[in-house]
$ cat protein-v4.cif   # mmCIF, N, CA and C atoms
data_entry
#
loop_
_atom_site.label_atom_id
_atom_site.label_comp_id
_atom_site.auth_asym_id
_atom_site.auth_seq_id
_atom_site.Cartn_x
_atom_site.Cartn_y
_atom_site.Cartn_z
N MET A 1 23.62 39.37 56.23
CA MET A 1 22.55 38.84 55.41
C MET A 1 22.00 39.92 54.47
N ILE A 2 22.20 41.20 54.83
CA ILE A 2 21.69 42.28 53.98
C ILE A 2 22.37 42.24 52.61
N THR A 3 23.64 41.87 52.57
CA THR A 3 24.35 41.75 51.30
C THR A 3 23.71 40.66 50.44
N SER A 4 23.31 39.58 51.07
CA SER A 4 22.66 38.49 50.34
C SER A 4 21.35 38.96 49.71
N TYR A 5 20.59 39.76 50.45
CA TYR A 5 19.34 40.28 49.91
C TYR A 5 19.60 41.23 48.74
N LEU A 6 20.64 42.04 48.85
CA LEU A 6 20.99 42.94 47.76
C LEU A 6 21.43 42.16 46.52
N LEU A 7 22.19 41.09 46.74
CA LEU A 7 22.60 40.23 45.61
C LEU A 7 21.39 39.58 44.95
N LEU A 8 20.45 39.13 45.77
CA LEU A 8 19.24 38.52 45.22
C LEU A 8 18.44 39.56 44.45
N PHE A 9 18.30 40.75 45.00
CA PHE A 9 17.60 41.82 44.31
C PHE A 9 18.24 42.09 42.95
N GLY A 10 19.57 42.24 42.94
CA GLY A 10 20.29 42.51 41.69
C GLY A 10 20.15 41.37 40.70
N SER A 11 20.25 40.17 41.18
CA SER A 11 20.11 38.99 40.33
C SER A 11 18.71 38.92 39.72
N ALA A 12 17.69 39.15 40.53
CA ALA A 12 16.31 39.12 40.04
C ALA A 12 16.06 40.27 39.07
N PHE A 13 16.64 41.43 39.36
CA PHE A 13 16.51 42.59 38.48
C PHE A 13 17.08 42.28 37.10
N LEU A 14 18.32 41.77 37.08
CA LEU A 14 18.96 41.45 35.81
C LEU A 14 18.23 40.34 35.06
N ALA A 15 17.68 39.39 35.80
CA ALA A 15 16.96 38.28 35.17
C ALA A 15 15.71 38.75 34.43
N ALA A 16 15.17 39.88 34.82
CA ALA A 16 13.94 40.38 34.19
C ALA A 16 14.23 41.25 32.98
N THR A 17 15.47 41.70 32.83
CA THR A 17 15.81 42.50 31.67
C THR A 17 16.08 41.57 30.50
N ILE A 18 16.50 42.12 29.40
CA ILE A 18 16.76 41.30 28.23
C ILE A 18 18.08 40.54 28.33
N LEU A 19 18.79 40.72 29.44
CA LEU A 19 20.03 39.97 29.67
C LEU A 19 19.71 38.55 30.13
N PRO A 20 20.48 37.58 29.68
CA PRO A 20 20.24 36.20 30.14
C PRO A 20 20.82 36.02 31.56
N PHE A 21 19.95 35.88 32.52
CA PHE A 21 20.37 35.78 33.92
C PHE A 21 19.30 35.01 34.68
N TYR A 22 19.68 34.28 35.70
CA TYR A 22 18.73 33.48 36.47
C TYR A 22 18.89 33.77 37.95
N SER A 23 17.79 34.10 38.60
CA SER A 23 17.83 34.44 40.02
C SER A 23 17.46 33.26 40.91
N GLU A 24 16.85 32.23 40.34
CA GLU A 24 16.36 31.11 41.15
C GLU A 24 17.50 30.35 41.83
N VAL A 25 18.65 30.29 41.19
CA VAL A 25 19.80 29.59 41.78
C VAL A 25 20.23 30.28 43.06
N LEU A 26 20.37 31.58 43.01
CA LEU A 26 20.76 32.34 44.20
C LEU A 26 19.67 32.26 45.27
N LEU A 27 18.43 32.30 44.87
CA LEU A 27 17.32 32.16 45.82
C LEU A 27 17.43 30.83 46.56
N PHE A 28 17.68 29.78 45.82
CA PHE A 28 17.80 28.45 46.44
C PHE A 28 18.99 28.40 47.41
N ILE A 29 20.11 28.98 47.02
CA ILE A 29 21.29 29.01 47.89
C ILE A 29 20.98 29.77 49.18
N LEU A 30 20.31 30.90 49.05
CA LEU A 30 19.98 31.71 50.24
C LEU A 30 18.98 30.98 51.14
N LEU A 31 18.10 30.22 50.57
CA LEU A 31 17.20 29.40 51.37
C LEU A 31 17.98 28.35 52.16
N GLN A 32 18.95 27.74 51.52
CA GLN A 32 19.77 26.73 52.19
C GLN A 32 20.62 27.33 53.29
N GLU A 33 20.98 28.60 53.13
CA GLU A 33 21.78 29.28 54.15
C GLU A 33 20.93 29.83 55.29
N GLY A 34 19.63 29.56 55.25
CA GLY A 34 18.77 29.98 56.36
C GLY A 34 18.01 31.25 56.15
N GLY A 35 17.97 31.75 54.93
CA GLY A 35 17.20 32.96 54.65
C GLY A 35 15.72 32.73 54.88
N GLU A 36 15.04 33.78 55.27
CA GLU A 36 13.60 33.68 55.52
C GLU A 36 12.86 33.64 54.19
N PRO A 37 12.11 32.56 53.93
CA PRO A 37 11.47 32.38 52.62
C PRO A 37 10.63 33.57 52.17
N TRP A 38 9.78 34.12 53.04
CA TRP A 38 8.89 35.20 52.60
C TRP A 38 9.65 36.48 52.31
N LYS A 39 10.71 36.75 53.07
CA LYS A 39 11.52 37.93 52.78
C LYS A 39 12.25 37.77 51.45
N LEU A 40 12.76 36.56 51.21
CA LEU A 40 13.45 36.29 49.95
C LEU A 40 12.50 36.41 48.77
N ILE A 41 11.29 35.90 48.94
CA ILE A 41 10.27 36.01 47.88
C ILE A 41 9.98 37.48 47.60
N ALA A 42 9.83 38.28 48.65
CA ALA A 42 9.51 39.70 48.48
C ALA A 42 10.65 40.43 47.75
N VAL A 43 11.89 40.17 48.16
CA VAL A 43 13.03 40.85 47.55
C VAL A 43 13.18 40.44 46.09
N ALA A 44 13.05 39.15 45.81
CA ALA A 44 13.18 38.66 44.44
C ALA A 44 12.05 39.21 43.56
N THR A 45 10.84 39.24 44.10
CA THR A 45 9.71 39.76 43.34
C THR A 45 9.90 41.24 43.01
N LEU A 46 10.34 42.01 44.00
CA LEU A 46 10.56 43.44 43.79
C LEU A 46 11.64 43.66 42.73
N GLY A 47 12.76 42.97 42.86
CA GLY A 47 13.84 43.13 41.89
C GLY A 47 13.41 42.72 40.48
N ASN A 48 12.72 41.59 40.38
CA ASN A 48 12.30 41.08 39.08
C ASN A 48 11.26 41.99 38.44
N THR A 49 10.35 42.52 39.25
CA THR A 49 9.32 43.43 38.72
C THR A 49 9.95 44.74 38.26
N LEU A 50 10.87 45.27 39.03
CA LEU A 50 11.52 46.52 38.62
C LEU A 50 12.38 46.32 37.38
N GLY A 51 12.98 45.14 37.24
CA GLY A 51 13.71 44.83 36.02
C GLY A 51 12.79 44.82 34.82
N ALA A 52 11.58 44.32 35.00
CA ALA A 52 10.59 44.31 33.92
C ALA A 52 10.18 45.73 33.55
N VAL A 53 10.21 46.64 34.52
CA VAL A 53 9.90 48.04 34.24
C VAL A 53 10.94 48.64 33.29
N VAL A 54 12.18 48.20 33.41
CA VAL A 54 13.22 48.65 32.48
C VAL A 54 12.82 48.27 31.05
N ASN A 55 12.36 47.03 30.86
CA ASN A 55 11.91 46.60 29.54
C ASN A 55 10.73 47.45 29.07
N TRP A 56 9.81 47.75 29.98
CA TRP A 56 8.64 48.57 29.66
C TRP A 56 9.09 49.93 29.14
N PHE A 57 10.05 50.56 29.85
CA PHE A 57 10.57 51.86 29.42
C PHE A 57 11.29 51.75 28.08
N LEU A 58 12.05 50.69 27.88
CA LEU A 58 12.71 50.48 26.59
C LEU A 58 11.67 50.37 25.48
N GLY A 59 10.61 49.64 25.75
CA GLY A 59 9.55 49.49 24.77
C GLY A 59 8.87 50.80 24.43
N ARG A 60 8.73 51.65 25.43
CA ARG A 60 8.06 52.95 25.21
C ARG A 60 8.77 53.76 24.13
N GLY A 61 10.08 53.66 24.07
CA GLY A 61 10.82 54.47 23.10
C GLY A 61 11.33 53.70 21.90
N LEU A 62 11.09 52.42 21.86
CA LEU A 62 11.69 51.56 20.85
C LEU A 62 11.26 51.86 19.42
N LEU A 63 10.00 52.11 19.20
CA LEU A 63 9.51 52.29 17.83
C LEU A 63 10.00 53.58 17.18
N HIS A 64 10.58 54.47 17.96
CA HIS A 64 11.16 55.69 17.38
C HIS A 64 12.33 55.34 16.46
N PHE A 65 12.88 54.15 16.65
CA PHE A 65 14.06 53.75 15.90
C PHE A 65 13.76 52.73 14.80
N LYS A 66 12.49 52.48 14.53
CA LYS A 66 12.15 51.38 13.62
C LYS A 66 12.61 51.59 12.18
N ASN A 67 12.89 52.79 11.78
CA ASN A 67 13.36 53.04 10.42
C ASN A 67 14.88 53.04 10.30
N ARG A 68 15.54 52.76 11.41
CA ARG A 68 17.00 52.70 11.38
C ARG A 68 17.45 51.34 10.84
N ARG A 69 18.55 51.33 10.17
CA ARG A 69 19.06 50.11 9.56
C ARG A 69 19.40 49.04 10.60
N TRP A 70 19.86 49.44 11.75
CA TRP A 70 20.29 48.50 12.79
C TRP A 70 19.13 47.98 13.63
N PHE A 71 17.93 48.51 13.40
CA PHE A 71 16.78 48.12 14.22
C PHE A 71 16.50 46.63 14.04
N TYR A 72 16.35 45.94 15.14
CA TYR A 72 16.29 44.46 15.14
C TYR A 72 15.00 43.90 14.57
N PHE A 73 13.87 44.53 14.83
CA PHE A 73 12.56 44.00 14.45
C PHE A 73 12.10 44.60 13.12
N ASN A 74 11.52 43.76 12.28
CA ASN A 74 10.95 44.28 11.03
C ASN A 74 9.45 44.53 11.24
N ASP A 75 8.82 45.16 10.26
CA ASP A 75 7.40 45.52 10.39
C ASP A 75 6.52 44.29 10.58
N SER A 76 6.88 43.19 9.93
CA SER A 76 6.11 41.95 10.07
C SER A 76 6.12 41.44 11.51
N GLN A 77 7.28 41.48 12.13
CA GLN A 77 7.40 41.02 13.53
C GLN A 77 6.62 41.94 14.46
N ILE A 78 6.69 43.22 14.23
CA ILE A 78 5.97 44.18 15.06
C ILE A 78 4.47 43.98 14.91
N ASN A 79 4.00 43.79 13.69
CA ASN A 79 2.58 43.57 13.45
C ASN A 79 2.10 42.27 14.09
N LYS A 80 2.91 41.23 14.01
CA LYS A 80 2.57 39.95 14.62
C LYS A 80 2.45 40.10 16.14
N ALA A 81 3.41 40.79 16.74
CA ALA A 81 3.37 41.02 18.19
C ALA A 81 2.15 41.85 18.57
N GLN A 82 1.84 42.83 17.75
CA GLN A 82 0.68 43.69 18.04
C GLN A 82 -0.62 42.88 17.97
N ARG A 83 -0.76 42.04 16.95
CA ARG A 83 -1.96 41.20 16.83
C ARG A 83 -2.09 40.26 18.02
N TRP A 84 -0.97 39.66 18.41
CA TRP A 84 -0.98 38.74 19.55
C TRP A 84 -1.38 39.47 20.83
N PHE A 85 -0.79 40.64 21.03
CA PHE A 85 -1.08 41.39 22.25
C PHE A 85 -2.52 41.89 22.26
N GLN A 86 -3.02 42.30 21.10
CA GLN A 86 -4.41 42.74 21.04
C GLN A 86 -5.37 41.58 21.28
N ARG A 87 -4.99 40.40 20.86
CA ARG A 87 -5.84 39.23 21.04
C ARG A 87 -5.91 38.83 22.52
N TYR A 88 -4.77 38.78 23.17
CA TYR A 88 -4.72 38.31 24.56
C TYR A 88 -4.72 39.44 25.57
N GLY A 89 -4.43 40.63 25.11
CA GLY A 89 -4.55 41.81 25.94
C GLY A 89 -3.58 41.92 27.10
N VAL A 90 -3.89 42.88 27.91
CA VAL A 90 -3.03 43.22 29.04
C VAL A 90 -2.91 42.06 30.03
N TRP A 91 -3.91 41.17 30.05
CA TRP A 91 -3.87 40.03 30.98
C TRP A 91 -2.73 39.07 30.67
N SER A 92 -2.21 39.13 29.46
CA SER A 92 -1.08 38.28 29.11
C SER A 92 0.15 38.62 29.95
N LEU A 93 0.15 39.80 30.55
CA LEU A 93 1.28 40.19 31.40
C LEU A 93 1.40 39.31 32.64
N LEU A 94 0.35 38.58 32.97
CA LEU A 94 0.45 37.61 34.07
C LEU A 94 1.46 36.52 33.73
N LEU A 95 1.80 36.39 32.46
CA LEU A 95 2.76 35.38 32.02
C LEU A 95 4.17 35.94 31.85
N ALA A 96 4.40 37.15 32.32
CA ALA A 96 5.71 37.77 32.18
C ALA A 96 6.80 37.03 32.96
N TRP A 97 6.42 36.11 33.81
CA TRP A 97 7.40 35.33 34.59
C TRP A 97 8.01 34.21 33.76
N LEU A 98 7.42 33.88 32.62
CA LEU A 98 7.91 32.77 31.81
C LEU A 98 9.36 33.00 31.38
N PRO A 99 10.18 31.95 31.45
CA PRO A 99 11.58 32.11 31.06
C PRO A 99 11.76 32.42 29.57
N ILE A 100 10.85 31.93 28.75
CA ILE A 100 10.92 32.22 27.32
C ILE A 100 9.68 33.03 26.95
N GLY A 101 9.92 34.24 26.46
CA GLY A 101 8.82 35.10 26.03
C GLY A 101 8.35 36.09 27.07
N GLY A 102 8.64 35.86 28.33
CA GLY A 102 8.17 36.76 29.38
C GLY A 102 8.77 38.15 29.26
N ASP A 103 10.07 38.22 29.00
CA ASP A 103 10.73 39.52 28.86
C ASP A 103 10.18 40.26 27.63
N ALA A 104 9.90 39.51 26.57
CA ALA A 104 9.34 40.12 25.36
C ALA A 104 7.97 40.73 25.65
N LEU A 105 7.18 40.06 26.48
CA LEU A 105 5.86 40.60 26.84
C LEU A 105 5.98 41.97 27.50
N THR A 106 6.97 42.11 28.39
CA THR A 106 7.11 43.39 29.09
C THR A 106 7.59 44.48 28.14
N LEU A 107 8.43 44.11 27.17
CA LEU A 107 8.87 45.05 26.15
C LEU A 107 7.69 45.46 25.26
N ILE A 108 6.90 44.48 24.85
CA ILE A 108 5.72 44.74 24.01
C ILE A 108 4.72 45.63 24.74
N ALA A 109 4.56 45.41 26.05
CA ALA A 109 3.65 46.25 26.83
C ALA A 109 4.09 47.71 26.79
N GLY A 110 5.38 47.94 26.80
CA GLY A 110 5.88 49.31 26.67
C GLY A 110 5.63 49.87 25.29
N ILE A 111 5.87 49.05 24.26
CA ILE A 111 5.64 49.49 22.89
C ILE A 111 4.19 49.91 22.69
N PHE A 112 3.26 49.12 23.24
CA PHE A 112 1.85 49.41 23.06
C PHE A 112 1.27 50.27 24.18
N LYS A 113 2.17 50.87 24.94
CA LYS A 113 1.82 51.90 25.92
C LYS A 113 0.79 51.47 26.96
N VAL A 114 0.99 50.26 27.48
CA VAL A 114 0.17 49.82 28.62
C VAL A 114 0.49 50.75 29.78
N ARG A 115 -0.52 51.18 30.49
CA ARG A 115 -0.29 52.07 31.64
C ARG A 115 0.55 51.37 32.70
N LEU A 116 1.36 52.13 33.40
CA LEU A 116 2.33 51.56 34.34
C LEU A 116 1.68 50.84 35.52
N LEU A 117 0.61 51.39 36.09
CA LEU A 117 0.00 50.76 37.27
C LEU A 117 -0.54 49.36 36.96
N PRO A 118 -1.36 49.18 35.91
CA PRO A 118 -1.80 47.81 35.60
C PRO A 118 -0.61 46.90 35.27
N PHE A 119 0.38 47.45 34.59
CA PHE A 119 1.59 46.69 34.27
C PHE A 119 2.24 46.18 35.54
N LEU A 120 2.46 47.07 36.49
CA LEU A 120 3.10 46.69 37.76
C LEU A 120 2.30 45.64 38.51
N LEU A 121 1.00 45.82 38.57
CA LEU A 121 0.15 44.88 39.31
C LEU A 121 0.16 43.49 38.68
N LEU A 122 -0.02 43.42 37.37
CA LEU A 122 -0.08 42.12 36.70
C LEU A 122 1.28 41.43 36.67
N VAL A 123 2.30 42.16 36.30
CA VAL A 123 3.64 41.57 36.22
C VAL A 123 4.11 41.18 37.62
N GLY A 124 3.94 42.07 38.59
CA GLY A 124 4.36 41.77 39.96
C GLY A 124 3.65 40.56 40.54
N PHE A 125 2.35 40.45 40.29
CA PHE A 125 1.58 39.32 40.79
C PHE A 125 2.09 38.01 40.19
N GLY A 126 2.28 37.98 38.88
CA GLY A 126 2.77 36.78 38.22
C GLY A 126 4.15 36.38 38.69
N LYS A 127 5.03 37.35 38.82
CA LYS A 127 6.39 37.07 39.25
C LYS A 127 6.43 36.60 40.71
N CYS A 128 5.58 37.18 41.55
CA CYS A 128 5.49 36.74 42.94
C CYS A 128 5.04 35.28 43.02
N LEU A 129 4.03 34.94 42.23
CA LEU A 129 3.57 33.54 42.22
C LEU A 129 4.68 32.59 41.77
N ARG A 130 5.47 33.03 40.82
CA ARG A 130 6.59 32.19 40.36
C ARG A 130 7.57 31.93 41.50
N TYR A 131 7.95 32.98 42.22
CA TYR A 131 8.91 32.79 43.31
C TYR A 131 8.31 31.97 44.45
N ILE A 132 7.03 32.14 44.71
CA ILE A 132 6.38 31.30 45.72
C ILE A 132 6.45 29.84 45.28
N ALA A 133 6.18 29.59 44.01
CA ALA A 133 6.23 28.21 43.49
C ALA A 133 7.63 27.64 43.58
N VAL A 134 8.64 28.43 43.27
CA VAL A 134 10.03 27.96 43.35
C VAL A 134 10.37 27.59 44.79
N VAL A 135 10.02 28.46 45.72
CA VAL A 135 10.32 28.20 47.13
C VAL A 135 9.53 26.99 47.63
N TYR A 136 8.29 26.88 47.23
CA TYR A 136 7.46 25.75 47.63
C TYR A 136 8.02 24.44 47.07
N LEU A 137 8.34 24.44 45.79
CA LEU A 137 8.86 23.22 45.15
C LEU A 137 10.23 22.83 45.71
N ALA A 138 10.97 23.82 46.21
CA ALA A 138 12.26 23.53 46.83
C ALA A 138 12.08 22.98 48.24
N GLY A 139 10.84 22.95 48.70
CA GLY A 139 10.55 22.36 50.01
C GLY A 139 10.67 23.30 51.18
N TRP A 140 10.69 24.61 50.93
CA TRP A 140 10.87 25.58 52.01
C TRP A 140 9.58 26.18 52.49
N LEU A 141 8.48 25.93 51.79
CA LEU A 141 7.16 26.38 52.24
C LEU A 141 6.29 25.14 52.38
N THR A 142 5.56 25.06 53.46
CA THR A 142 4.66 23.91 53.64
C THR A 142 3.26 24.38 53.93
#

$ encode --input "protein-v4.cif" --output "structure tokens"
Amino acid sequence: MITSYLLLFGSAFLAATILPFYSEVLLFILLQEGGEPWKLIAVATLGNTLGAVVNWFLGRGLLHFKNRRWFYFNDSQINKAQRWFQRYGVWSLLLAWLPIGGDALTLIAGIFKVRLLPFLLLVGFGKCLRYIAVVYLAGWLT
């Protein structure tokens, strides 16, 4: 079963990076195979949160490359993201679990140099709630 937990950790980790990946499918399979719901939630949350930290680190160094021709974001996009983040603030990181936009939030948090501890607490809390909801909706928590 330890291999299953490592696979879930890896799946959740990759799902939190900018790579398109989904950990909920594996979580559901492991629940059906008799995995302990709270342990699976903990492993998935840890992997997903640490994957978000990768985005945070990428964001920390990203703007050093903004004058390069290959740089993906233009000044208008960066300014729009900055205005949005300043409006909703660090608390928006509670939404980092969202399948669309959540990974961008963690990258933006790195760009705008959100401190790591608040980042970890907010992102981890939101991601944990997501996995609890998935397990609950799958009928494994009552």

$ residues_around --input "protein-v4.cif" --residues "stretch 80-97 of chain A" --least-positions-apart "6" --cutoff "9 Å" --atoms "only C-alpha atoms" --output "PDB file with N, CA and C atoms, in the frame of the given file"
ATOM      1  N   ALA A  16      15.170  39.880  34.820  1.00  0.00           N
ATOM      2  CA  ALA A  16      13.940  40.380  34.190  1.00  0.00           C
ATOM      3  C   ALA A  16      14.230  41.250  32.980  1.00  0.00           C
ATOM      4  N   ASN A  48      12.720  41.590  40.380  1.00  0.00           N
ATOM      5  CA  ASN A  48      12.300  41.080  39.080  1.00  0.00           C
ATOM      6  C   ASN A  48      11.260  41.990  38.440  1.00  0.00           C
ATOM      7  N   ALA A  52      11.580  44.320  35.000  1.00  0.00           N
ATOM      8  CA  ALA A  52      10.590  44.310  33.920  1.00  0.00           C
ATOM      9  C   ALA A  52      10.180  45.730  33.550  1.00  0.00           C
ATOM     10  N   ASP A 103      10.070  38.220  29.000  1.00  0.00           N
ATOM     11  CA  ASP A 103      10.730  39.520  28.860  1.00  0.00           C
ATOM     12  C   ASP A 103      10.180  40.260  27.630  1.00  0.00           C
ATOM     13  N   ALA A 104       9.900  39.510  26.570  1.00  0.00           N
ATOM     14  CA  ALA A 104       9.340  40.120  25.360  1.00  0.00           C
ATOM     15  C   ALA A 104       7.970  40.730  25.650  1.00  0.00           C
ATOM     16  N   LEU A 105       7.180  40.060  26.480  1.00  0.00           N
ATOM     17  CA  LEU A 105       5.860  40.600  26.840  1.00  0.00           C
ATOM     18  C   LEU A 105       5.980  41.970  27.500  1.00  0.00           C
ATOM     19  N   THR A 106       6.970  42.110  28.390  1.00  0.00           N
ATOM     20  CA  THR A 106       7.110  43.390  29.090  1.00  0.00           C
ATOM     21  C   THR A 106       7.590  44.480  28.140  1.00  0.00           C
ATOM     22  N   ILE A 108       6.900  44.480  24.850  1.00  0.00           N
ATOM     23  CA  ILE A 108       5.720  44.740  24.010  1.00  0.00           C
ATOM     24  C   ILE A 108       4.720  45.630  24.740  1.00  0.00           C
ATOM     25  N   ALA A 109       4.560  45.410  26.050  1.00  0.00           N
ATOM     26  CA  ALA A 109       3.650  46.250  26.830  1.00  0.00           C
ATOM     27  C   ALA A 109       4.090  47.710  26.790  1.00  0.00           C
ATOM     28  N   PHE A 112       3.260  49.120  23.240  1.00  0.00           N
ATOM     29  CA  PHE A 112       1.850  49.410  23.060  1.00  0.00           C
ATOM     30  C   PHE A 112       1.270  50.270  24.180  1.00  0.00           C
ATOM     31  N   VAL A 114       0.990  50.260  27.480  1.00  0.00           N
ATOM     32  CA  VAL A 114       0.170  49.820  28.620  1.00  0.00           C
ATOM     33  C   VAL A 114       0.490  50.750  29.780  1.00  0.00           C
ATOM     34  N   PRO A 118      -1.360  49.180  35.910  1.00  0.00           N
ATOM     35  CA  PRO A 118      -1.800  47.810  35.600  1.00  0.00           C
ATOM     36  C   PRO A 118      -0.610  46.900  35.270  1.00  0.00           C
ATOM     37  N   PHE A 119       0.380  47.450  34.590  1.00  0.00           N
ATOM     38  CA  PHE A 119       1.590  46.690  34.270  1.00  0.00           C
ATOM     39  C   PHE A 119       2.240  46.180  35.540  1.00  0.00           C
ATOM     40  N   LEU A 121       1.000  45.820  38.570  1.00  0.00           N
ATOM     41  CA  LEU A 121       0.150  44.880  39.310  1.00  0.00           C
ATOM     42  C   LEU A 121       0.160  43.490  38.680  1.00  0.00           C
ATOM     43  N   LEU A 122      -0.020  43.420  37.370  1.00  0.00           N
ATOM     44  CA  LEU A 122      -0.080  42.120  36.700  1.00  0.00           C
ATOM     45  C   LEU A 122       1.280  41.430  36.670  1.00  0.00           C
ATOM     46  N   VAL A 123       2.300  42.160  36.300  1.00  0.00           N
ATOM     47  CA  VAL A 123       3.640  41.570  36.220  1.00  0.00           C
ATOM     48  C   VAL A 123       4.110  41.180  37.620  1.00  0.00           C
ATOM     49  N   GLY A 124       3.940  42.070  38.590  1.00  0.00           N
ATOM     50  CA  GLY A 124       4.360  41.770  39.960  1.00  0.00           C
ATOM     51  C   GLY A 124       3.650  40.560  40.540  1.00  0.00           C
ATOM     52  N   PHE A 125       2.350  40.450  40.290  1.00  0.00           N
ATOM     53  CA  PHE A 125       1.580  39.320  40.790  1.00  0.00           C
ATOM     54  C   PHE A 125       2.090  38.010  40.190  1.00  0.00           C
ATOM     55  N   GLY A 126       2.280  37.980  38.880  1.00  0.00           N
ATOM     56  CA  GLY A 126       2.770  36.780  38.220  1.00  0.00           C
ATOM     57  C   GLY A 126       4.150  36.380  38.690  1.00  0.00           C
ATOM     58  N   LYS A 127       5.030  37.350  38.820  1.00  0.00           N
ATOM     59  CA  LYS A 127       6.390  37.070  39.250  1.00  0.00           C
ATOM     60  C   LYS A 127       6.430  36.600  40.710  1.00  0.00           C
ATOM     61  N   CYS A 128       5.580  37.180  41.550  1.00  0.00           N
ATOM     62  CA  CYS A 128       5.490  36.740  42.940  1.00  0.00           C
ATOM     63  C   CYS A 128       5.040  35.280  43.020  1.00  0.00           C
ATOM     64  N   LEU A 129       4.030  34.940  42.230  1.00  0.00           N
ATOM     65  CA  LEU A 129       3.570  33.540  42.220  1.00  0.00           C
ATOM     66  C   LEU A 129       4.680  32.590  41.770  1.00  0.00           C
ATOM     67  N   ARG A 130       5.470  33.030  40.820  1.00  0.00           N
ATOM     68  CA  ARG A 130       6.590  32.190  40.360  1.00  0.00           C
ATOM     69  C   ARG A 130       7.570  31.930  41.500  1.00  0.00           C
TER      70      ARG A 130
END

$ resolve_selection --input "protein-v4.cif" --expression "the PyMOL selection byres (((chain A and resi 35 and name CA) around 12) and name CA)" --output "PyMOL selection string"
chain A and resi 1-5+8+26-34+36-43+135+140

$ atom_distance --input "protein-v4.cif" --atom1 "atom CA of A:Glu24" --atom2 "atom CA of A:Ala12"
8.1 Å

$ atom_distance --input "protein-v4.cif" --atom1 "atom N of A:Phe13" --atom2 "atom N of A:Val54"
10.1 Å

$ select_by_dssp --input "protein-v4.cif" --residues "chain A" --states "alpha helix (DSSP H)" --output "ChimeraX atom specification"
/A:2-16,24-32,37-62,75-88,102-111,116-137

$ atom_distance --input "protein-v4.cif" --atom1 "atom C of A:Phe9" --atom2 "atom C of A:Ala44"
6.9 Å

$ closest_residue --input "protein-v4.cif" --among "A:Ile111, A:Phe73, A:Leu117, A:Ser23" --to "A:Gly59" --atoms "all atoms listed in the file"
A:Ile111

$ closest_residue --input "protein-v4.cif" --among "A:Leu137, A:Leu58, A:Leu98, A:Leu46" --to "A:Gly10" --atoms "only C-alpha atoms"
A:Leu46

$ decode --input "protein-v4.cif" --residues "stretch 38-42 of chain A" --atoms "all heavy atoms" --output "PDB file, in the first residue's frame"
ATOM      1  N   TRP A  38      -8.617   9.247   5.572  1.00  0.00           N
ATOM      2  CA  TRP A  38      -7.884  10.378   6.149  1.00  0.00           C
ATOM      3  C   TRP A  38      -6.409  10.338   5.789  1.00  0.00           C
ATOM      4  O   TRP A  38      -5.786  11.391   5.597  1.00  0.00           O
ATOM      5  CB  TRP A  38      -8.098  10.444   7.661  1.00  0.00           C
ATOM      6  CG  TRP A  38      -9.489  10.898   7.986  1.00  0.00           C
ATOM      7  CD1 TRP A  38     -10.502  10.145   8.488  1.00  0.00           C
ATOM      8  CD2 TRP A  38     -10.038  12.200   7.759  1.00  0.00           C
ATOM      9  NE1 TRP A  38     -11.649  10.903   8.600  1.00  0.00           N
ATOM     10  CE2 TRP A  38     -11.394  12.168   8.162  1.00  0.00           C
ATOM     11  CE3 TRP A  38      -9.528  13.391   7.256  1.00  0.00           C
ATOM     12  CZ2 TRP A  38     -12.231  13.282   8.079  1.00  0.00           C
ATOM     13  CZ3 TRP A  38     -10.358  14.497   7.182  1.00  0.00           C
ATOM     14  CH2 TRP A  38     -11.693  14.430   7.586  1.00  0.00           C
ATOM     15  N   LYS A  39      -5.835   9.148   5.685  1.00  0.00           N
ATOM     16  CA  LYS A  39      -4.434   9.055   5.255  1.00  0.00           C
ATOM     17  C   LYS A  39      -4.293   9.489   3.799  1.00  0.00           C
ATOM     18  O   LYS A  39      -3.349  10.193   3.436  1.00  0.00           O
ATOM     19  CB  LYS A  39      -3.906   7.634   5.428  1.00  0.00           C
ATOM     20  CG  LYS A  39      -3.574   7.270   6.844  1.00  0.00           C
ATOM     21  CD  LYS A  39      -2.966   5.882   6.913  1.00  0.00           C
ATOM     22  CE  LYS A  39      -2.671   5.493   8.342  1.00  0.00           C
ATOM     23  NZ  LYS A  39      -2.108   4.132   8.440  1.00  0.00           N
ATOM     24  N   LEU A  40      -5.249   9.068   2.969  1.00  0.00           N
ATOM     25  CA  LEU A  40      -5.212   9.454   1.560  1.00  0.00           C
ATOM     26  C   LEU A  40      -5.374  10.964   1.405  1.00  0.00           C
ATOM     27  O   LEU A  40      -4.694  11.587   0.587  1.00  0.00           O
ATOM     28  CB  LEU A  40      -6.293   8.706   0.778  1.00  0.00           C
ATOM     29  CG  LEU A  40      -6.085   7.196   0.648  1.00  0.00           C
ATOM     30  CD1 LEU A  40      -7.309   6.531   0.038  1.00  0.00           C
ATOM     31  CD2 LEU A  40      -4.835   6.885  -0.165  1.00  0.00           C
ATOM     32  N   ILE A  41      -6.263  11.546   2.193  1.00  0.00           N
ATOM     33  CA  ILE A  41      -6.456  12.998   2.163  1.00  0.00           C
ATOM     34  C   ILE A  41      -5.163  13.699   2.555  1.00  0.00           C
ATOM     35  O   ILE A  41      -4.741  14.667   1.905  1.00  0.00           O
ATOM     36  CB  ILE A  41      -7.622  13.419   3.094  1.00  0.00           C
ATOM     37  CG1 ILE A  41      -8.962  12.975   2.505  1.00  0.00           C
ATOM     38  CG2 ILE A  41      -7.604  14.928   3.344  1.00  0.00           C
ATOM     39  CD1 ILE A  41     -10.129  13.078   3.472  1.00  0.00           C
ATOM     40  N   ALA A  42      -4.506  13.216   3.597  1.00  0.00           N
ATOM     41  CA  ALA A  42      -3.264  13.838   4.067  1.00  0.00           C
ATOM     42  C   ALA A  42      -2.164  13.752   3.008  1.00  0.00           C
ATOM     43  O   ALA A  42      -1.470  14.739   2.732  1.00  0.00           O
ATOM     44  CB  ALA A  42      -2.804  13.183   5.368  1.00  0.00           C
TER      45      ALA A  42
END
